[in-house]
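A.B. asks: mmCIF, C-alpha atoms and all ligand atoms, saved as structure_0.cif, coming up:
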```cif
data_entry
#
loop_
_atom_site.label_atom_id
_atom_site.label_comp_id
_atom_site.auth_asym_id
_atom_site.auth_seq_id
_atom_site.Cartn_x
_atom_site.Cartn_y
_atom_site.Cartn_z
CA MET A 1 -49.08 50.35 -96.19
CA ILE A 2 -48.15 48.17 -93.20
CA GLU A 3 -46.01 45.99 -95.40
CA PHE A 4 -44.28 49.05 -96.70
CA LEU A 5 -43.57 50.29 -93.16
CA LEU A 6 -42.28 46.88 -92.14
CA LYS A 7 -39.98 46.92 -95.12
CA ILE A 8 -38.65 50.33 -94.12
CA ALA A 9 -38.20 49.12 -90.51
CA GLY A 10 -36.42 46.04 -91.82
CA LEU A 11 -34.03 48.22 -93.76
CA LEU A 12 -33.37 50.42 -90.78
CA TYR A 13 -32.88 47.57 -88.33
CA LYS A 14 -30.94 45.17 -90.46
CA LYS A 15 -29.00 42.73 -88.34
CA ARG A 16 -25.29 43.14 -88.37
CA CYS A 17 -22.92 40.22 -88.56
CA TYR A 18 -21.49 39.71 -85.06
CA PHE A 19 -18.16 38.79 -86.65
CA CYS A 20 -17.41 41.18 -89.52
CA GLY A 21 -19.94 43.91 -88.72
CA LYS A 22 -21.55 43.92 -92.18
CA SER A 23 -25.30 43.86 -92.61
CA ASP A 24 -25.57 42.58 -96.20
CA ASP A 25 -27.11 39.25 -95.13
CA ASN A 26 -29.30 40.65 -92.32
CA SER A 27 -27.92 37.89 -90.10
CA VAL A 28 -25.89 37.64 -86.89
CA MET A 29 -23.48 35.45 -88.83
CA CYS A 30 -23.14 36.28 -92.51
CA LYS A 31 -22.57 33.64 -95.14
CA ASN A 32 -19.04 34.83 -95.67
CA CYS A 33 -18.06 34.45 -92.02
CA TYR A 34 -19.86 31.11 -91.71
CA GLU A 35 -18.00 29.72 -94.69
CA LYS A 36 -14.67 30.51 -93.05
CA THR A 37 -15.34 27.73 -90.53
CA GLU A 38 -12.50 25.22 -90.53
CA PHE A 39 -13.75 21.79 -89.63
CA LEU A 40 -11.63 19.12 -88.02
CA PRO A 41 -11.32 15.76 -89.88
CA TYR A 42 -14.57 13.82 -89.95
CA LYS A 43 -13.57 11.12 -87.53
CA LYS A 44 -13.45 10.26 -83.87
CA PHE A 45 -11.56 12.89 -81.91
CA LYS A 46 -10.90 11.11 -78.59
CA THR A 47 -12.02 8.27 -76.38
CA VAL A 48 -13.06 9.07 -72.81
CA ASN A 49 -14.02 6.17 -70.51
CA ASN A 50 -14.41 3.94 -73.59
CA VAL A 51 -16.84 6.46 -75.06
CA ASP A 52 -16.24 8.06 -78.46
CA VAL A 53 -15.93 11.83 -78.56
CA TYR A 54 -16.40 13.86 -81.74
CA CYS A 55 -15.38 17.48 -82.15
CA ALA A 56 -16.23 19.88 -84.98
CA ALA A 57 -13.59 22.63 -84.83
CA VAL A 58 -10.82 24.29 -82.85
CA TYR A 59 -11.63 26.89 -80.18
CA LYS A 60 -10.07 29.94 -81.84
CA ASN A 61 -10.93 32.99 -83.98
CA ASP A 62 -14.63 33.20 -84.90
CA ILE A 63 -15.51 29.87 -83.24
CA LYS A 64 -14.23 31.30 -79.97
CA LYS A 65 -16.14 34.53 -80.53
CA LEU A 66 -19.29 32.58 -81.37
CA ILE A 67 -19.14 30.37 -78.28
CA ARG A 68 -18.32 33.27 -75.98
CA GLY A 69 -20.99 35.49 -77.54
CA LEU A 70 -23.68 32.95 -76.82
CA LYS A 71 -22.34 31.91 -73.44
CA TYR A 72 -21.44 35.23 -71.86
CA HIS A 73 -22.85 38.07 -73.97
CA ASN A 74 -26.48 37.07 -74.35
CA GLN A 75 -26.21 36.67 -78.13
CA ARG A 76 -28.86 33.97 -78.18
CA GLU A 77 -29.33 34.04 -81.93
CA LEU A 78 -25.85 32.57 -82.20
CA ALA A 79 -27.19 29.26 -80.85
CA TYR A 80 -28.49 28.43 -84.32
CA PHE A 81 -25.06 28.98 -85.86
CA GLN A 82 -23.26 26.98 -83.22
CA ALA A 83 -25.73 24.16 -83.86
CA LYS A 84 -25.34 24.53 -87.61
CA ILE A 85 -21.56 24.21 -87.36
CA MET A 86 -22.06 21.06 -85.30
CA TYR A 87 -24.66 19.69 -87.69
CA ASP A 88 -22.63 20.45 -90.82
CA TYR A 89 -19.83 18.46 -89.26
CA TRP A 90 -22.07 15.71 -87.88
CA LYS A 91 -23.80 14.92 -91.16
CA ASN A 92 -20.45 13.79 -92.59
CA LEU A 93 -20.12 11.08 -89.96
CA ARG A 94 -21.55 7.63 -90.40
CA ILE A 95 -22.85 7.75 -86.85
CA SER A 96 -25.25 10.55 -87.88
CA GLU A 97 -27.56 7.89 -89.34
CA LYS A 98 -28.42 6.85 -85.79
CA GLU A 99 -31.08 8.44 -83.62
CA PHE A 100 -29.80 10.03 -80.44
CA LEU A 101 -31.16 11.55 -77.30
CA LEU A 102 -29.32 14.88 -77.01
CA VAL A 103 -28.14 15.60 -73.50
CA PRO A 104 -26.61 19.06 -73.06
CA VAL A 105 -24.14 19.46 -70.18
CA PRO A 106 -26.23 20.96 -67.36
CA LEU A 107 -25.35 24.10 -65.43
CA PHE A 108 -25.76 24.42 -61.69
CA PRO A 109 -29.25 25.96 -61.16
CA LYS A 110 -27.84 29.12 -59.55
CA ARG A 111 -25.53 29.73 -62.49
CA GLU A 112 -28.29 29.06 -64.99
CA LYS A 113 -30.52 31.53 -63.19
CA HIS A 114 -27.76 34.13 -63.28
CA ARG A 115 -27.12 33.61 -67.00
CA LYS A 116 -30.85 33.24 -67.64
CA TYR A 117 -30.33 30.24 -69.91
CA ASN A 118 -28.14 27.23 -70.49
CA HIS A 119 -26.45 27.99 -73.79
CA MET A 120 -26.02 24.29 -74.59
CA VAL A 121 -29.76 23.67 -74.22
CA LEU A 122 -30.35 26.36 -76.85
CA VAL A 123 -27.76 24.72 -79.10
CA ALA A 124 -29.27 21.25 -78.56
CA LYS A 125 -32.73 22.49 -79.53
CA GLU A 126 -31.42 24.07 -82.72
CA PHE A 127 -29.44 20.91 -83.50
CA GLU A 128 -32.59 18.88 -82.98
CA LYS A 129 -34.40 20.99 -85.60
CA LEU A 130 -31.52 20.61 -88.05
CA THR A 131 -31.76 16.81 -87.74
CA GLN A 132 -35.50 17.19 -88.46
CA ASP A 133 -36.27 15.80 -85.02
CA LYS A 134 -34.30 12.61 -85.61
CA CYS A 135 -32.42 13.58 -82.47
CA ARG A 136 -34.44 14.82 -79.52
CA THR A 137 -33.26 16.91 -76.59
CA GLU A 138 -33.67 15.84 -72.97
CA GLU A 139 -32.20 18.53 -70.78
CA HIS A 140 -33.54 17.09 -67.51
CA LEU A 141 -32.03 13.62 -67.60
CA ILE A 142 -28.99 14.67 -65.62
CA LYS A 143 -28.47 17.61 -63.29
CA ARG A 144 -25.52 19.37 -61.71
CA ILE A 145 -25.71 19.05 -57.95
CA LYS A 146 -22.44 20.75 -57.14
CA ASN A 147 -21.69 24.41 -57.74
CA THR A 148 -18.36 23.79 -59.42
CA LYS A 149 -15.75 26.50 -59.94
CA PRO A 150 -15.02 27.67 -63.48
CA GLN A 151 -12.58 25.13 -64.90
CA TYR A 152 -10.26 27.31 -66.95
CA LYS A 153 -8.06 28.40 -64.04
CA LEU A 154 -7.59 24.90 -62.63
CA THR A 155 -5.02 22.19 -63.21
CA ARG A 156 -6.17 18.80 -64.43
CA LYS A 157 -6.05 17.36 -60.93
CA GLU A 158 -8.03 20.28 -59.52
CA ARG A 159 -10.56 19.92 -62.33
CA GLU A 160 -11.08 16.28 -61.45
CA GLU A 161 -11.59 17.13 -57.80
CA ASN A 162 -13.88 20.03 -58.70
CA LEU A 163 -16.10 17.87 -60.91
CA LYS A 164 -16.14 14.81 -58.67
CA ASN A 165 -19.73 13.73 -58.00
CA ALA A 166 -20.98 16.92 -59.61
CA PHE A 167 -23.80 15.23 -61.51
CA GLU A 168 -26.80 13.11 -60.69
CA THR A 169 -29.34 11.44 -62.94
CA VAL A 170 -32.97 12.37 -62.36
CA ALA A 171 -35.57 9.70 -61.61
CA GLY A 172 -38.28 9.12 -64.18
CA PHE A 173 -36.12 8.77 -67.28
CA GLU A 174 -35.57 4.99 -67.09
CA VAL A 175 -37.33 4.73 -70.44
CA TYR A 176 -34.18 6.15 -72.04
CA LYS A 177 -31.91 3.39 -70.78
CA ASN A 178 -32.06 1.62 -74.14
CA LYS A 179 -31.55 4.80 -76.12
CA SER A 180 -28.33 6.08 -77.61
CA ILE A 181 -27.29 9.21 -75.76
CA LEU A 182 -25.30 12.05 -77.27
CA ILE A 183 -23.80 14.36 -74.65
CA ILE A 184 -23.12 17.74 -76.17
CA ASP A 185 -20.85 20.49 -74.93
CA ASP A 186 -19.13 23.59 -76.27
CA ILE A 187 -15.41 23.08 -75.54
CA PHE A 188 -13.30 20.01 -74.98
CA THR A 189 -10.27 20.89 -72.88
CA THR A 190 -9.25 18.01 -70.65
CA GLY A 191 -12.41 15.92 -71.00
CA VAL A 192 -12.96 15.91 -67.25
CA THR A 193 -16.55 17.19 -67.46
CA LEU A 194 -17.49 14.59 -70.06
CA LYS A 195 -15.75 11.88 -68.06
CA GLU A 196 -17.74 12.70 -64.95
CA MET A 197 -21.03 12.86 -66.87
CA ILE A 198 -20.33 9.56 -68.62
CA LYS A 199 -19.50 7.93 -65.29
CA THR A 200 -22.74 9.16 -63.71
CA LEU A 201 -24.84 7.98 -66.65
CA GLN A 202 -23.10 4.60 -66.83
CA ASN A 203 -23.44 4.01 -63.10
CA ASN A 204 -27.16 4.56 -63.48
CA GLY A 205 -27.62 2.12 -66.32
CA PHE A 206 -27.40 4.41 -69.33
CA GLY A 207 -24.89 2.47 -71.37
CA ASN A 208 -25.02 3.61 -74.95
CA ILE A 209 -23.21 6.94 -74.86
CA CYS A 210 -21.35 9.13 -77.31
CA CYS A 211 -20.09 12.73 -76.98
CA PHE A 212 -19.92 15.65 -79.36
CA THR A 213 -18.36 19.04 -78.70
CA THR A 214 -18.49 22.15 -80.84
CA SER A 215 -14.81 22.79 -80.31
CA CYS A 216 -11.63 21.79 -78.56
CA SER A 217 -8.83 23.84 -77.10
CA GLU A 218 -5.62 23.83 -79.10
CA HIS A 219 -3.90 21.96 -76.25
CA ALA A 220 -6.36 19.09 -76.66
CA LEU A 221 -5.36 18.48 -80.29
ZN ZN A 301 -19.68 38.40 -91.32
#
```
Give the structure from this file in C-alpha cells form.
C.D. replies:
Amino acid sequence: MIEFLLKIAGLLYKKRCYFCGKSDDNSVMCKNCYEKTEFLPYKKFKTVNNVDVYCAAVYKNDIKKLIRGLKYHNQRELAYFQAKIMYDYWKNLRISEKEFLLVPVPLFPKREKHRKYNHMVLVAKEFEKLTQDKCRTEEHLIKRIKNTKPQYKLTRKEREENLKNAFETVAGFEVYKNKSILIIDDIFTTGVTLKEMIKTLQNNGFGNICCFTTSCSEHAL
C-alpha cells in the first residue's frame, strides 16, 4: 500500500527539466538537454602564471542557465549536472589519470552566508563522487579574506585591483604541499581570480597546481 502511494506521489511530483520543461526523465536536466552540451576541444585552454587551465564548454545557452540556476536560483540539484559536464570532459584528458586535491574557489564568508552555500563546493563534491574518490575536495585550504565586488562590471585593471590579496591559505594543510591541486571554478573570463589564487598558493609552498573551469566567456576564446 505504501509503495503504491509513493508511486502515485512520484507520478504527481515528477521533476521537470529545468531547461526544456519536460518531465519524461523525472530529472532537473533531461537526457536530451544534457546531450546537447557542446564540449570544447580536449586540450589545454590557457596558461595562467605558468599553470595549465582546462575548460569544458562555453558560457552560453543551457550552460549559462545551468551555472546561473545553481549559483543564483537555489537549484542545488544542478550541481550534479555541472559536475557531470566537467567530468565527462575531464575523463578525455590524459591528466585525468592523476589524483588531485579539488580546491573550489572560495566565497567571502558573508556572501556564502547570504547564498547559503558555495555552489563550487557542491560541484566539487559531486565531481569527487564521479571520480570515485580519486579526487578529494578540500574547501578549507584557502579562504577569501576580502569582500570583493562582483567582477562582471569591472575592467581588467579594476578586476586585478579588486582581487589583489583577496585570498589567504589556512594553516594546518601543510600535508597537501606535495599534492597536485586542481582549482575549480565556474566561469573563466579574464583569469584574474585564478591568477590571484595560484599566486597565493604558490607563495605558500603549494607548487603543483592546475585549474579547471566549467565554462569560459565567449570573449576568452
Ligand atoms: Zn530537458
A.B. asks: I need the residue nearest ligand ZN 301 (chain A) from this list: A:Arg94, A:Lys164, A:Lys46, A:Lys65. Use only C-alpha atoms and all ligand atoms for the distance.
C.D. replies: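 Among A:Arg94, A:Lys164, A:Lys46, A:Lys65, it is A:Lys65 that comes nearest to ligand ZN 301 (chain A).
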A.B. asks: Under the rule of at most 9 Å, produce a per-residue listing of chain A near ligand ZN 301 (chain A): chain, number, name, the closest pair of atoms, and the distance in Å, as a Markdown table, using only C-alpha atoms and all ligand atoms.
C.D. replies:
```
| residue | atom | partner | partner_atom | distance |
| --- | --- | --- | --- | --- |
| A:Arg16 | CA | A:ZN301 | ZN | 7.9 |
| A:Cys17 | CA | A:ZN301 | ZN | 4.6 |
| A:Tyr18 | CA | A:ZN301 | ZN | 6.6 |
| A:Phe19 | CA | A:ZN301 | ZN | 4.9 |
| A:Cys20 | CA | A:ZN301 | ZN | 4.0 |
| A:Gly21 | CA | A:ZN301 | ZN | 6.1 |
| A:Lys22 | CA | A:ZN301 | ZN | 5.9 |
| A:Ser23 | CA | A:ZN301 | ZN | 7.9 |
| A:Asp24 | CA | A:ZN301 | ZN | 8.7 |
| A:Asp25 | CA | A:ZN301 | ZN | 8.4 |
| A:Ser27 | CA | A:ZN301 | ZN | 8.3 |
| A:Val28 | CA | A:ZN301 | ZN | 7.7 |
| A:Met29 | CA | A:ZN301 | ZN | 5.4 |
| A:Cys30 | CA | A:ZN301 | ZN | 4.2 |
| A:Lys31 | CA | A:ZN301 | ZN | 6.8 |
| A:Asn32 | CA | A:ZN301 | ZN | 5.7 |
| A:Cys33 | CA | A:ZN301 | ZN | 4.3 |
| A:Tyr34 | CA | A:ZN301 | ZN | 7.3 |
```
A.B. asks: From the options A:Ile95, A:Lys113, A:Phe39, A:Glu126, which residue's atoms come nearest to Leu78 (chain A), counting all atoms listed in the file?
C.D. replies: A:Glu126
A.B. asks: What's the separation between CA of Glu168 (chain A) and CA of Thr200 (chain A), in Å to one decimal place?
C.D. replies: 6.4 Å
A.B. asks: Show me, as a list in words, the residues that have an atom within 12 Å of Asn204 (chain A) when counting only C-alpha atoms, minus same-chain residues fewer than 4 positions from it.
C.D. replies: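 That gives Leu141, Ile142, Phe167, Glu168, Thr169, Val170, Ala171, Phe173, Glu174, Tyr176, Lys177, Met197, Ile198, Lys199, Thr200 and Asn208 of chain A.
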A.B. asks: What does the distance between CA of Gly191 (chain A) and CA of Val48 (chain A) come to in Å, to one decimal place?
C.D. replies: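 According to the coordinates, CA of Gly191 (chain A) and CA of Val48 (chain A) are separated by 7.1 Å.
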A.B. asks: Would you work out the distance separating CA of Pro104 (chain A) from CA of Ala83 (chain A), expressed in Å to one decimal?
C.D. replies: 12.0 Å
A.B. asks: Let me make sure I understand: among A:Asn26, A:Asn178, A:Ser96, A:Gln82, which one has the smallest atom-to-atom distance to Arg68 (chain A) if we use all atoms listed in the file?
C.D. replies: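 For Arg68 (chain A), the nearest of the given residues is A:Gln82.
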A.B. asks: Would you mind putting back N, CA and C atoms on region 45-70 of chain A, then writing it out as a PDB file, in the coordinates of the input?
C.D. replies:
```
ATOM      1  N   PHE A  45     -12.569  11.952 -82.403  1.00  0.00           N
ATOM      2  CA  PHE A  45     -11.560  12.890 -81.910  1.00  0.00           C
ATOM      3  C   PHE A  45     -10.796  12.288 -80.723  1.00  0.00           C
ATOM      4  N   LYS A  46     -11.517  11.711 -79.784  1.00  0.00           N
ATOM      5  CA  LYS A  46     -10.900  11.110 -78.590  1.00  0.00           C
ATOM      6  C   LYS A  46     -11.773   9.967 -78.086  1.00  0.00           C
ATOM      7  N   THR A  47     -11.222   9.245 -77.116  1.00  0.00           N
ATOM      8  CA  THR A  47     -12.020   8.270 -76.380  1.00  0.00           C
ATOM      9  C   THR A  47     -11.906   8.623 -74.909  1.00  0.00           C
ATOM     10  N   VAL A  48     -13.042   8.767 -74.242  1.00  0.00           N
ATOM     11  CA  VAL A  48     -13.060   9.070 -72.810  1.00  0.00           C
ATOM     12  C   VAL A  48     -13.886   7.992 -72.128  1.00  0.00           C
ATOM     13  N   ASN A  49     -13.302   7.269 -71.186  1.00  0.00           N
ATOM     14  CA  ASN A  49     -14.020   6.170 -70.510  1.00  0.00           C
ATOM     15  C   ASN A  49     -14.659   5.195 -71.501  1.00  0.00           C
ATOM     16  N   ASN A  50     -13.915   4.844 -72.530  1.00  0.00           N
ATOM     17  CA  ASN A  50     -14.410   3.940 -73.590  1.00  0.00           C
ATOM     18  C   ASN A  50     -15.555   4.520 -74.401  1.00  0.00           C
ATOM     19  N   VAL A  51     -15.760   5.808 -74.315  1.00  0.00           N
ATOM     20  CA  VAL A  51     -16.840   6.460 -75.060  1.00  0.00           C
ATOM     21  C   VAL A  51     -16.218   7.331 -76.155  1.00  0.00           C
ATOM     22  N   ASP A  52     -16.773   7.264 -77.358  1.00  0.00           N
ATOM     23  CA  ASP A  52     -16.240   8.060 -78.460  1.00  0.00           C
ATOM     24  C   ASP A  52     -16.637   9.529 -78.328  1.00  0.00           C
ATOM     25  N   VAL A  53     -15.671  10.390 -78.598  1.00  0.00           N
ATOM     26  CA  VAL A  53     -15.930  11.830 -78.560  1.00  0.00           C
ATOM     27  C   VAL A  53     -15.642  12.397 -79.950  1.00  0.00           C
ATOM     28  N   TYR A  54     -16.572  13.175 -80.466  1.00  0.00           N
ATOM     29  CA  TYR A  54     -16.400  13.860 -81.740  1.00  0.00           C
ATOM     30  C   TYR A  54     -16.291  15.356 -81.470  1.00  0.00           C
ATOM     31  N   CYS A  55     -15.577  16.054 -82.348  1.00  0.00           N
ATOM     32  CA  CYS A  55     -15.380  17.480 -82.150  1.00  0.00           C
ATOM     33  C   CYS A  55     -15.341  18.166 -83.515  1.00  0.00           C
ATOM     34  N   ALA A  56     -16.067  19.271 -83.652  1.00  0.00           N
ATOM     35  CA  ALA A  56     -16.230  19.880 -84.980  1.00  0.00           C
ATOM     36  C   ALA A  56     -15.105  20.837 -85.391  1.00  0.00           C
ATOM     37  N   ALA A  57     -14.554  21.586 -84.433  1.00  0.00           N
ATOM     38  CA  ALA A  57     -13.590  22.630 -84.830  1.00  0.00           C
ATOM     39  C   ALA A  57     -12.682  22.989 -83.659  1.00  0.00           C
ATOM     40  N   VAL A  58     -11.731  23.861 -83.916  1.00  0.00           N
ATOM     41  CA  VAL A  58     -10.820  24.290 -82.850  1.00  0.00           C
ATOM     42  C   VAL A  58     -11.341  25.597 -82.234  1.00  0.00           C
ATOM     43  N   TYR A  59     -11.176  25.701 -80.925  1.00  0.00           N
ATOM     44  CA  TYR A  59     -11.630  26.890 -80.180  1.00  0.00           C
ATOM     45  C   TYR A  59     -10.669  28.045 -80.440  1.00  0.00           C
ATOM     46  N   LYS A  60     -10.889  28.756 -81.530  1.00  0.00           N
ATOM     47  CA  LYS A  60     -10.070  29.940 -81.840  1.00  0.00           C
ATOM     48  C   LYS A  60     -10.843  30.815 -82.822  1.00  0.00           C
ATOM     49  N   ASN A  61     -10.341  32.012 -83.048  1.00  0.00           N
ATOM     50  CA  ASN A  61     -10.930  32.990 -83.980  1.00  0.00           C
ATOM     51  C   ASN A  61     -12.459  33.105 -83.822  1.00  0.00           C
ATOM     52  N   ASP A  62     -13.182  32.982 -84.945  1.00  0.00           N
ATOM     53  CA  ASP A  62     -14.630  33.200 -84.900  1.00  0.00           C
ATOM     54  C   ASP A  62     -15.377  32.139 -84.096  1.00  0.00           C
ATOM     55  N   ILE A  63     -14.846  30.929 -84.022  1.00  0.00           N
ATOM     56  CA  ILE A  63     -15.510  29.870 -83.240  1.00  0.00           C
ATOM     57  C   ILE A  63     -15.492  30.290 -81.771  1.00  0.00           C
ATOM     58  N   LYS A  64     -14.367  30.840 -81.344  1.00  0.00           N
ATOM     59  CA  LYS A  64     -14.230  31.300 -79.970  1.00  0.00           C
ATOM     60  C   LYS A  64     -15.194  32.458 -79.716  1.00  0.00           C
ATOM     61  N   LYS A  65     -15.257  33.367 -80.657  1.00  0.00           N
ATOM     62  CA  LYS A  65     -16.140  34.530 -80.530  1.00  0.00           C
ATOM     63  C   LYS A  65     -17.609  34.088 -80.489  1.00  0.00           C
ATOM     64  N   LEU A  66     -17.927  33.106 -81.306  1.00  0.00           N
ATOM     65  CA  LEU A  66     -19.290  32.580 -81.370  1.00  0.00           C
ATOM     66  C   LEU A  66     -19.685  31.936 -80.028  1.00  0.00           C
ATOM     67  N   ILE A  67     -18.838  31.065 -79.530  1.00  0.00           N
ATOM     68  CA  ILE A  67     -19.140  30.370 -78.280  1.00  0.00           C
ATOM     69  C   ILE A  67     -19.233  31.358 -77.115  1.00  0.00           C
ATOM     70  N   ARG A  68     -18.305  32.288 -77.060  1.00  0.00           N
ATOM     71  CA  ARG A  68     -18.320  33.270 -75.980  1.00  0.00           C
ATOM     72  C   ARG A  68     -19.504  34.232 -76.088  1.00  0.00           C
ATOM     73  N   GLY A  69     -19.851  34.589 -77.302  1.00  0.00           N
ATOM     74  CA  GLY A  69     -20.990  35.490 -77.540  1.00  0.00           C
ATOM     75  C   GLY A  69     -22.276  34.900 -77.012  1.00  0.00           C
ATOM     76  N   LEU A  70     -22.463  33.616 -77.279  1.00  0.00           N
ATOM     77  CA  LEU A  70     -23.680  32.950 -76.820  1.00  0.00           C
ATOM     78  C   LEU A  70     -23.637  32.705 -75.306  1.00  0.00           C
TER      79      LEU A  70
END
```
